[in-house]
file upload-v8.txt (compact mmCIF, C-alpha atoms)
# COMPACT_ATOMS: atom_id res chain seq x y z
CA ASN A 59 28.44 -6.43 -4.88
CA ARG A 60 27.69 -3.26 -6.74
CA TYR A 61 24.50 -1.23 -6.46
CA GLU A 62 21.99 -1.70 -9.25
CA VAL A 63 19.26 0.86 -9.84
CA GLY A 64 15.80 -0.59 -9.30
CA LYS A 65 17.06 -3.77 -7.68
CA VAL A 66 15.09 -4.66 -4.57
CA SER A 67 17.10 -5.56 -1.50
CA ASP A 68 14.61 -7.95 0.09
CA GLU A 69 11.09 -9.33 -0.12
CA GLU A 70 9.59 -6.83 2.35
CA ASP A 71 10.95 -3.91 0.35
CA LEU A 72 9.47 -5.42 -2.80
CA LYS A 73 6.04 -5.65 -1.17
CA GLN A 74 6.22 -2.01 -0.04
CA ARG A 75 7.14 -0.99 -3.58
CA GLN A 76 4.17 -2.93 -4.95
CA ILE A 77 1.74 -1.28 -2.53
CA LYS A 78 2.82 2.32 -3.12
CA PRO A 79 1.54 2.68 -6.73
CA ILE A 80 -1.72 0.97 -5.77
CA LEU A 81 -2.29 3.53 -3.01
CA ASN A 82 -1.43 6.34 -5.43
CA LYS A 83 -4.25 5.21 -7.75
CA LEU A 84 -6.78 4.66 -4.95
CA THR A 85 -10.06 6.55 -5.30
CA PRO A 86 -13.56 5.83 -3.96
CA GLN A 87 -14.58 4.69 -7.47
CA ASN A 88 -11.91 1.98 -7.82
CA PHE A 89 -11.56 1.11 -4.13
CA ASP A 90 -12.75 -2.51 -4.32
CA LYS A 91 -10.64 -3.40 -7.36
CA LEU A 92 -7.45 -1.93 -5.89
CA PHE A 93 -8.08 -3.43 -2.46
CA LEU A 94 -8.05 -6.85 -4.12
CA LYS A 95 -4.68 -6.00 -5.68
CA VAL A 96 -3.30 -5.12 -2.24
CA LYS A 97 -4.55 -8.46 -0.89
CA GLU A 98 -2.66 -10.20 -3.71
CA VAL A 99 0.62 -8.72 -2.42
CA ASN A 100 0.29 -11.12 0.53
CA ILE A 101 0.91 -9.08 3.65
CA ASP A 102 2.16 -11.93 5.80
CA SER A 103 4.28 -10.36 8.53
CA ALA A 104 4.02 -7.67 11.17
CA LEU A 105 6.86 -5.76 9.51
CA CYS A 106 5.07 -5.68 6.18
CA LEU A 107 1.77 -4.69 7.79
CA THR A 108 3.48 -1.87 9.68
CA GLY A 109 4.94 -0.58 6.43
CA VAL A 110 1.57 -0.68 4.67
CA ILE A 111 -0.17 1.09 7.55
CA SER A 112 2.56 3.73 7.55
CA GLN A 113 2.02 4.34 3.84
CA ILE A 114 -1.74 4.58 4.32
CA PHE A 115 -1.29 6.99 7.22
CA ASP A 116 1.01 9.20 5.14
CA LYS A 117 -1.50 9.22 2.28
CA ALA A 118 -4.32 10.16 4.66
CA LEU A 119 -2.27 13.07 6.00
CA THR A 120 -1.37 14.39 2.57
CA GLU A 121 -4.88 13.86 1.14
CA PRO A 122 -7.31 14.81 3.93
CA THR A 123 -10.23 14.77 1.50
CA PHE A 124 -9.97 10.98 1.31
CA TYR A 125 -9.34 10.25 5.01
CA GLU A 126 -12.59 8.29 5.26
CA MET A 127 -11.60 6.05 2.35
CA TYR A 128 -8.20 5.34 3.93
CA ALA A 129 -9.89 4.53 7.25
CA LYS A 130 -12.20 2.09 5.44
CA PHE A 131 -9.13 0.59 3.76
CA CYS A 132 -7.51 -0.05 7.16
CA VAL A 133 -10.70 -1.59 8.55
CA GLN A 134 -10.96 -3.99 5.61
CA LEU A 135 -7.24 -4.76 5.84
CA ALA A 136 -7.68 -5.68 9.51
CA ALA A 137 -10.43 -8.13 8.60

call {"tool": "encode", "arguments": {"input": "upload-v8.txt", "output": "structure tokens"}}
result
Amino acid sequence: NRYEVGKVSDEEDLKQRQIKPILNKLTPQNFDKLFLKVKEVNIDSALCLTGVISQIFDKALTEPTFYEMYAKFCVQLAA
């Protein structure tokens, strides 16, 4: 079993990789559209949810201007 670049090891890792570029594009103007894309990823386990929340938290720390938007994102994700 050799390592292949870009090959995803498991389903949870794939979901985290799908979420990251969505969060990178997130702005107040396209919030609703991108939130729907995140919902399509199907966050169906506690492990996946923890990973998504961790990514959102990291983004909020590195982009303090948008902290309110990331908080709103978490609230909608919880619903």

call {"tool": "residues_around", "arguments": {"input": "upload-v8.txt", "residues": "Gln74 in chain A", "least_positions_apart": "6", "cutoff": "10 Å", "atoms": "all atoms listed in the file", "output": "ChimeraX atom specification"}}
result
/A:99,101,106-107,109-110,113

call {"tool": "atom_distance", "arguments": {"input": "upload-v8.txt", "atom1": "CA of Phe124 in chain A", "atom2": "CA of Phe89 in chain A"}}
result
11.4 Å

call {"tool": "closest_residue", "arguments": {"input": "upload-v8.txt", "among": "A:Glu98, A:Thr108, A:Cys132, A:Lys117", "to": "Lys83 in chain A", "atoms": "only C-alpha atoms"}}
result
A:Lys117

call {"tool": "atom_distance", "arguments": {"input": "upload-v8.txt", "atom1": "CA of Lys73 in chain A", "atom2": "CA of Lys95 in chain A"}}
result
11.6 Å

call {"tool": "atom_distance", "arguments": {"input": "upload-v8.txt", "atom1": "CA of Ile80 in chain A", "atom2": "CA of Leu92 in chain A"}}
result
6.4 Å

call {"tool": "closest_residue", "arguments": {"input": "upload-v8.txt", "among": "A:Leu119, A:Ile114, A:Leu105, A:Leu135", "to": "Leu84 in chain A", "atoms": "all atoms listed in the file"}}
result
A:Ile114

call {"tool": "closest_residue", "arguments": {"input": "upload-v8.txt", "among": "A:Gln134, A:Ser112, A:Thr123, A:Asn100", "to": "Glu69 in chain A", "atoms": "all atoms listed in the file"}}
result
A:Asn100

call {"tool": "closest_residue", "arguments": {"input": "upload-v8.txt", "among": "A:Ile111, A:Glu70, A:Ile77, A:Glu121", "to": "Lys97 in chain A", "atoms": "only C-alpha atoms"}}
result
A:Ile77

call {"tool": "closest_residue", "arguments": {"input": "upload-v8.txt", "among": "A:Ala137, A:Lys91, A:Ser103, A:Pro86", "to": "Tyr125 in chain A", "atoms": "only C-alpha atoms"}}
result
A:Pro86

call {"tool": "build_atoms", "arguments": {"input": "upload-v8.txt", "residues": "range 66-78 of chain A", "atoms": "N, CA, C and O atoms", "output": "compact mmCIF listing (two decimals), in the frame of the given file"}}
result
# COMPACT_ATOMS: atom_id res chain seq x y z
N VAL A 66 15.69 -4.63 -5.90
CA VAL A 66 15.09 -4.66 -4.57
C VAL A 66 15.96 -5.47 -3.63
O VAL A 66 16.40 -6.56 -3.97
N SER A 67 16.18 -4.92 -2.44
CA SER A 67 17.10 -5.56 -1.50
C SER A 67 16.51 -6.80 -0.83
O SER A 67 17.21 -7.75 -0.55
N ASP A 68 15.22 -6.77 -0.53
CA ASP A 68 14.61 -7.95 0.09
C ASP A 68 13.12 -8.01 -0.24
O ASP A 68 12.57 -7.12 -0.88
N GLU A 69 12.50 -9.08 0.21
CA GLU A 69 11.09 -9.33 -0.12
C GLU A 69 10.16 -8.28 0.49
O GLU A 69 9.20 -7.86 -0.15
N GLU A 70 10.45 -7.83 1.70
CA GLU A 70 9.59 -6.83 2.35
C GLU A 70 9.63 -5.51 1.58
O GLU A 70 8.61 -4.87 1.39
N ASP A 71 10.81 -5.13 1.13
CA ASP A 71 10.95 -3.91 0.35
C ASP A 71 10.17 -4.02 -0.96
O ASP A 71 9.53 -3.06 -1.41
N LEU A 72 10.21 -5.18 -1.57
CA LEU A 72 9.47 -5.42 -2.80
C LEU A 72 7.97 -5.24 -2.58
O LEU A 72 7.28 -4.60 -3.37
N LYS A 73 7.47 -5.77 -1.48
CA LYS A 73 6.04 -5.65 -1.17
C LYS A 73 5.65 -4.19 -0.97
O LYS A 73 4.61 -3.74 -1.45
N GLN A 74 6.51 -3.43 -0.26
CA GLN A 74 6.22 -2.01 -0.04
C GLN A 74 6.21 -1.26 -1.37
O GLN A 74 5.37 -0.38 -1.58
N ARG A 75 7.10 -1.62 -2.26
CA ARG A 75 7.14 -0.99 -3.58
C ARG A 75 5.93 -1.36 -4.42
O ARG A 75 5.52 -0.59 -5.29
N GLN A 76 5.37 -2.53 -4.22
CA GLN A 76 4.17 -2.93 -4.95
C GLN A 76 2.93 -2.20 -4.44
O GLN A 76 2.03 -1.90 -5.19
N ILE A 77 2.91 -1.92 -3.14
CA ILE A 77 1.74 -1.28 -2.53
C ILE A 77 1.66 0.20 -2.88
O ILE A 77 0.58 0.73 -3.10
N LYS A 78 2.79 0.87 -2.93
CA LYS A 78 2.82 2.32 -3.12
C LYS A 78 2.05 2.78 -4.38
O LYS A 78 1.21 3.66 -4.29
